[in-house]
Amino acid sequence: MLVAEMVVKASSNQISSNISEESVILNLKNDNYYSLNQVGTRIWHLIQEPTSVEGITAVLQEEYDVEREECQRCVLSLLEELNQHGLIEVQYESRV
């Protein structure tokens, strides 16, 4: 289970492309495609470099009109799904 203090980044076992305001991701290990909506795409762009869940939440709060708790819950939900599909790497300690 992911928590706000964790750092995540896109897996190296994938390739992705933007189509309009959405992203399409190919998992190179299982050849499955995944798509992300506009907000998911914004998160995907943020995690191209190691980024904390807290950092992602803070950026989205600045860009969208959303309560912190709801925003963090949605971020964690998407990251859990991406993790289950092998599309992200999770570091259990924060960056220094």
# chains A, B, ... in the order shown; residues from 1 in each chain; ligands from 1

$ residues_around --residues "stretch 73-88 of chain A" --least-positions-apart "6" --cutoff "9 Å" --atoms "only C-alpha atoms" --output "PyMOL selection string"
chain A and resi 1-4+8-14+25-27+29+40+43+47+53+56-57

$ residues_around --residues "A:Val7" --least-positions-apart "4" --cutoff "6 Å" --atoms "only C-alpha atoms" --output "VMD selection string"
chain A and resid 51 to 52 90 to 91 94

$ write_last_selection --atoms "N, CA and C atoms" --output "compact mmCIF listing (two decimals), in the first residue's frame"
# COMPACT_ATOMS: atom_id res chain seq x y z
N THR A 51 9.45 11.53 -7.57
CA THR A 51 8.63 12.57 -6.96
C THR A 51 7.83 11.98 -5.81
N SER A 52 7.72 12.72 -4.73
CA SER A 52 6.95 12.23 -3.60
C SER A 52 5.46 12.35 -3.88
N VAL A 90 8.58 2.29 -6.81
CA VAL A 90 8.28 2.93 -5.53
C VAL A 90 9.52 2.86 -4.64
N GLN A 91 9.86 4.00 -4.08
CA GLN A 91 10.94 4.07 -3.10
C GLN A 91 10.31 4.34 -1.75
N SER A 94 12.01 8.90 1.51
CA SER A 94 11.89 10.13 0.73
C SER A 94 13.27 10.58 0.25

$ atom_distance --atom1 "atom CA of A:Ser20" --atom2 "atom CA of A:Arg42"
12.4 Å

$ residues_around --residues "A:Ser17" --least-positions-apart "2" --cutoff "12 Å" --atoms "only C-alpha atoms" --output "number ranges by chain"
A: 14-15, 19-26, 33-36, 41, 44-45

$ write_last_selection --atoms "N, CA and C atoms" --output "PDB file, in the first residue's frame"
ATOM      1  N   GLN A  14       8.650   0.656 -19.662  1.00  0.00           N
ATOM      2  CA  GLN A  14       7.470   1.163 -20.354  1.00  0.00           C
ATOM      3  C   GLN A  14       7.884   2.236 -21.343  1.00  0.00           C
ATOM      4  N   ILE A  15       7.023   2.482 -22.285  1.00  0.00           N
ATOM      5  CA  ILE A  15       7.150   3.656 -23.141  1.00  0.00           C
ATOM      6  C   ILE A  15       5.784   4.316 -23.170  1.00  0.00           C
ATOM      7  N   ILE A  19      -1.381  11.729 -26.577  1.00  0.00           N
ATOM      8  CA  ILE A  19      -2.342  11.866 -27.663  1.00  0.00           C
ATOM      9  C   ILE A  19      -3.362  12.883 -27.181  1.00  0.00           C
ATOM     10  N   SER A  20      -3.312  14.063 -27.759  1.00  0.00           N
ATOM     11  CA  SER A  20      -4.145  15.174 -27.322  1.00  0.00           C
ATOM     12  C   SER A  20      -3.808  15.454 -25.865  1.00  0.00           C
ATOM     13  N   GLU A  21      -4.766  15.400 -24.964  1.00  0.00           N
ATOM     14  CA  GLU A  21      -4.516  15.662 -23.541  1.00  0.00           C
ATOM     15  C   GLU A  21      -4.435  14.375 -22.728  1.00  0.00           C
ATOM     16  N   GLU A  22      -4.283  13.252 -23.386  1.00  0.00           N
ATOM     17  CA  GLU A  22      -4.204  11.962 -22.707  1.00  0.00           C
ATOM     18  C   GLU A  22      -2.866  11.297 -22.991  1.00  0.00           C
ATOM     19  N   SER A  23      -2.549  10.283 -22.202  1.00  0.00           N
ATOM     20  CA  SER A  23      -1.331   9.508 -22.406  1.00  0.00           C
ATOM     21  C   SER A  23      -1.683   8.057 -22.650  1.00  0.00           C
ATOM     22  N   VAL A  24      -0.882   7.424 -23.487  1.00  0.00           N
ATOM     23  CA  VAL A  24      -0.978   5.984 -23.716  1.00  0.00           C
ATOM     24  C   VAL A  24       0.364   5.394 -23.301  1.00  0.00           C
ATOM     25  N   ILE A  25       0.301   4.338 -22.500  1.00  0.00           N
ATOM     26  CA  ILE A  25       1.508   3.718 -21.959  1.00  0.00           C
ATOM     27  C   ILE A  25       1.538   2.257 -22.386  1.00  0.00           C
ATOM     28  N   LEU A  26       2.693   1.793 -22.852  1.00  0.00           N
ATOM     29  CA  LEU A  26       2.894   0.389 -23.188  1.00  0.00           C
ATOM     30  C   LEU A  26       3.830  -0.211 -22.159  1.00  0.00           C
ATOM     31  N   TYR A  33      -1.352  -2.216 -23.112  1.00  0.00           N
ATOM     32  CA  TYR A  33      -1.477  -0.769 -23.227  1.00  0.00           C
ATOM     33  C   TYR A  33      -2.403  -0.250 -22.138  1.00  0.00           C
ATOM     34  N   TYR A  34      -2.105   0.956 -21.668  1.00  0.00           N
ATOM     35  CA  TYR A  34      -2.926   1.621 -20.666  1.00  0.00           C
ATOM     36  C   TYR A  34      -3.108   3.069 -21.112  1.00  0.00           C
ATOM     37  N   SER A  35      -4.239   3.662 -20.759  1.00  0.00           N
ATOM     38  CA  SER A  35      -4.459   5.066 -21.112  1.00  0.00           C
ATOM     39  C   SER A  35      -4.789   5.854 -19.854  1.00  0.00           C
ATOM     40  N   LEU A  36      -4.409   7.124 -19.878  1.00  0.00           N
ATOM     41  CA  LEU A  36      -4.657   8.023 -18.758  1.00  0.00           C
ATOM     42  C   LEU A  36      -5.401   9.243 -19.252  1.00  0.00           C
ATOM     43  N   THR A  41      -2.582  12.024 -16.879  1.00  0.00           N
ATOM     44  CA  THR A  41      -1.447  12.421 -17.709  1.00  0.00           C
ATOM     45  C   THR A  41      -0.571  13.434 -16.983  1.00  0.00           C
ATOM     46  N   TRP A  44       1.394  11.522 -14.577  1.00  0.00           N
ATOM     47  CA  TRP A  44       2.398  10.752 -15.312  1.00  0.00           C
ATOM     48  C   TRP A  44       3.596  11.639 -15.658  1.00  0.00           C
ATOM     49  N   HIS A  45       3.346  12.860 -16.085  1.00  0.00           N
ATOM     50  CA  HIS A  45       4.445  13.780 -16.403  1.00  0.00           C
ATOM     51  C   HIS A  45       5.252  14.104 -15.149  1.00  0.00           C
TER      52      HIS A  45
END

$ select_by_dssp --residues "chain A" --states "alpha helix (DSSP H)" --output "JSON, numbers by chain"
{"A": [38, 39, 40, 41, 42, 43, 44, 45, 46, 53, 54, 55, 56, 57, 58, 59, 60, 61, 62, 63, 68, 69, 70, 71, 72, 73, 74, 75, 76, 77, 78, 79, 80, 81, 82, 83, 84]}

$ write_last_selection --atoms "C-alpha atoms" --output "CSV table (one decimal), in the first residue's frame"
chain,number,residue,atom,x,y,z
A,38,GLN,CA,-5.9,14.6,-18.5
A,39,VAL,CA,-5.3,14.5,-14.7
A,40,GLY,CA,-3.7,11.1,-14.9
A,41,THR,CA,-1.4,12.4,-17.7
A,42,ARG,CA,-0.4,15.3,-15.5
A,43,ILE,CA,0.6,12.9,-12.8
A,44,TRP,CA,2.4,10.8,-15.3
A,45,HIS,CA,4.4,13.8,-16.4
A,46,LEU,CA,5.3,14.6,-12.8
A,53,VAL,CA,3.2,11.6,-3.4
A,54,GLU,CA,3.1,14.7,-1.2
A,55,GLY,CA,4.8,16.7,-4.0
A,56,ILE,CA,2.3,15.4,-6.6
A,57,THR,CA,-0.6,16.3,-4.4
A,58,ALA,CA,0.7,19.8,-3.8
A,59,VAL,CA,1.2,20.5,-7.6
A,60,LEU,CA,-2.3,19.2,-8.4
A,61,GLN,CA,-3.8,21.3,-5.6
A,62,GLU,CA,-2.3,24.4,-7.2
A,63,GLU,CA,-3.6,23.5,-10.6
A,68,ARG,CA,-6.2,18.2,-0.2
A,69,GLU,CA,-7.5,15.0,1.3
A,70,GLU,CA,-9.6,14.2,-1.8
A,71,CYS,CA,-6.6,15.0,-4.1
A,72,GLN,CA,-4.2,12.8,-2.1
A,73,ARG,CA,-6.7,10.0,-2.1
A,74,CYS,CA,-7.1,10.1,-5.9
A,75,VAL,CA,-3.4,10.4,-6.4
A,76,LEU,CA,-2.8,7.4,-4.2
A,77,SER,CA,-5.5,5.4,-6.0
A,78,LEU,CA,-4.0,6.0,-9.4
A,79,LEU,CA,-0.5,5.3,-8.2
A,80,GLU,CA,-1.7,2.0,-6.6
A,81,GLU,CA,-3.2,1.0,-10.0
A,82,LEU,CA,-0.1,2.0,-11.9
A,83,ASN,CA,2.0,0.0,-9.4
A,84,GLN,CA,-0.2,-3.1,-9.8

$ select_by_dssp --residues "chain A" --states "strand (DSSP E or B)" --output "ChimeraX atom specification"
/A:7-10,14-19,22-27,32-36,51-52,88-91

$ write_last_selection --atoms "N, CA and C atoms" --output "CSV table (one decimal), in the first residue's frame"
chain,number,residue,atom,x,y,z
A,7,VAL,N,8.2,7.9,-2.5
A,7,VAL,CA,8.6,8.6,-3.7
A,7,VAL,C,8.4,7.6,-4.8
A,8,VAL,N,7.8,8.1,-5.9
A,8,VAL,CA,7.5,7.2,-7.1
A,8,VAL,C,8.1,7.8,-8.3
A,9,LYS,N,8.3,6.9,-9.3
A,9,LYS,CA,8.7,7.4,-10.6
A,9,LYS,C,8.3,6.3,-11.7
A,10,ALA,N,8.2,6.8,-12.9
A,10,ALA,CA,7.7,5.9,-14.0
A,10,ALA,C,8.8,4.8,-14.1
A,14,GLN,N,8.6,0.7,-19.7
A,14,GLN,CA,7.5,1.2,-20.4
A,14,GLN,C,7.9,2.2,-21.3
A,15,ILE,N,7.0,2.5,-22.3
A,15,ILE,CA,7.1,3.7,-23.1
A,15,ILE,C,5.8,4.3,-23.2
A,16,SER,N,5.8,5.6,-23.3
A,16,SER,CA,4.5,6.3,-23.3
A,16,SER,C,4.5,7.4,-24.4
A,17,SER,N,3.3,7.8,-24.7
A,17,SER,CA,3.1,8.9,-25.7
A,17,SER,C,1.9,9.7,-25.4
A,18,ASN,N,1.9,11.0,-25.7
A,18,ASN,CA,0.8,11.8,-25.5
A,18,ASN,C,-0.1,11.8,-26.8
A,19,ILE,N,-1.4,11.7,-26.6
A,19,ILE,CA,-2.3,11.9,-27.7
A,19,ILE,C,-3.4,12.9,-27.2
A,22,GLU,N,-4.3,13.3,-23.4
A,22,GLU,CA,-4.2,12.0,-22.7
A,22,GLU,C,-2.9,11.3,-23.0
A,23,SER,N,-2.5,10.3,-22.2
A,23,SER,CA,-1.3,9.5,-22.4
A,23,SER,C,-1.7,8.1,-22.6
A,24,VAL,N,-0.9,7.4,-23.5
A,24,VAL,CA,-1.0,6.0,-23.7
A,24,VAL,C,0.4,5.4,-23.3
A,25,ILE,N,0.3,4.3,-22.5
A,25,ILE,CA,1.5,3.7,-22.0
A,25,ILE,C,1.5,2.3,-22.4
A,26,LEU,N,2.7,1.8,-22.9
A,26,LEU,CA,2.9,0.4,-23.2
A,26,LEU,C,3.8,-0.2,-22.2
A,27,ASN,N,3.4,-1.2,-21.4
A,27,ASN,CA,4.2,-2.0,-20.5
A,27,ASN,C,5.0,-3.0,-21.4
A,32,ASN,N,1.0,-4.9,-22.6
A,32,ASN,CA,-0.4,-4.3,-22.4
A,32,ASN,C,-0.3,-2.8,-22.5
A,33,TYR,N,-1.4,-2.2,-23.1
A,33,TYR,CA,-1.5,-0.8,-23.2
A,33,TYR,C,-2.4,-0.2,-22.1
A,34,TYR,N,-2.1,1.0,-21.7
A,34,TYR,CA,-2.9,1.6,-20.7
A,34,TYR,C,-3.1,3.1,-21.1
A,35,SER,N,-4.2,3.7,-20.8
A,35,SER,CA,-4.5,5.1,-21.1
A,35,SER,C,-4.8,5.9,-19.9
A,36,LEU,N,-4.4,7.1,-19.9
A,36,LEU,CA,-4.7,8.0,-18.8
A,36,LEU,C,-5.4,9.2,-19.3
A,51,THR,N,9.5,11.5,-7.6
A,51,THR,CA,8.6,12.6,-7.0
A,51,THR,C,7.8,12.0,-5.8
A,52,SER,N,7.7,12.7,-4.7
A,52,SER,CA,7.0,12.2,-3.6
A,52,SER,C,5.5,12.4,-3.9
A,88,ILE,N,5.2,1.8,-12.4
A,88,ILE,CA,5.9,2.7,-11.6
A,88,ILE,C,6.9,2.0,-10.7
A,89,GLU,N,7.9,2.7,-10.2
A,89,GLU,CA,8.8,2.1,-9.2
A,89,GLU,C,8.5,3.0,-8.0
A,90,VAL,N,8.6,2.3,-6.8
A,90,VAL,CA,8.3,2.9,-5.5
A,90,VAL,C,9.5,2.9,-4.6
A,91,GLN,N,9.9,4.0,-4.1
A,91,GLN,CA,10.9,4.1,-3.1
A,91,GLN,C,10.3,4.3,-1.8
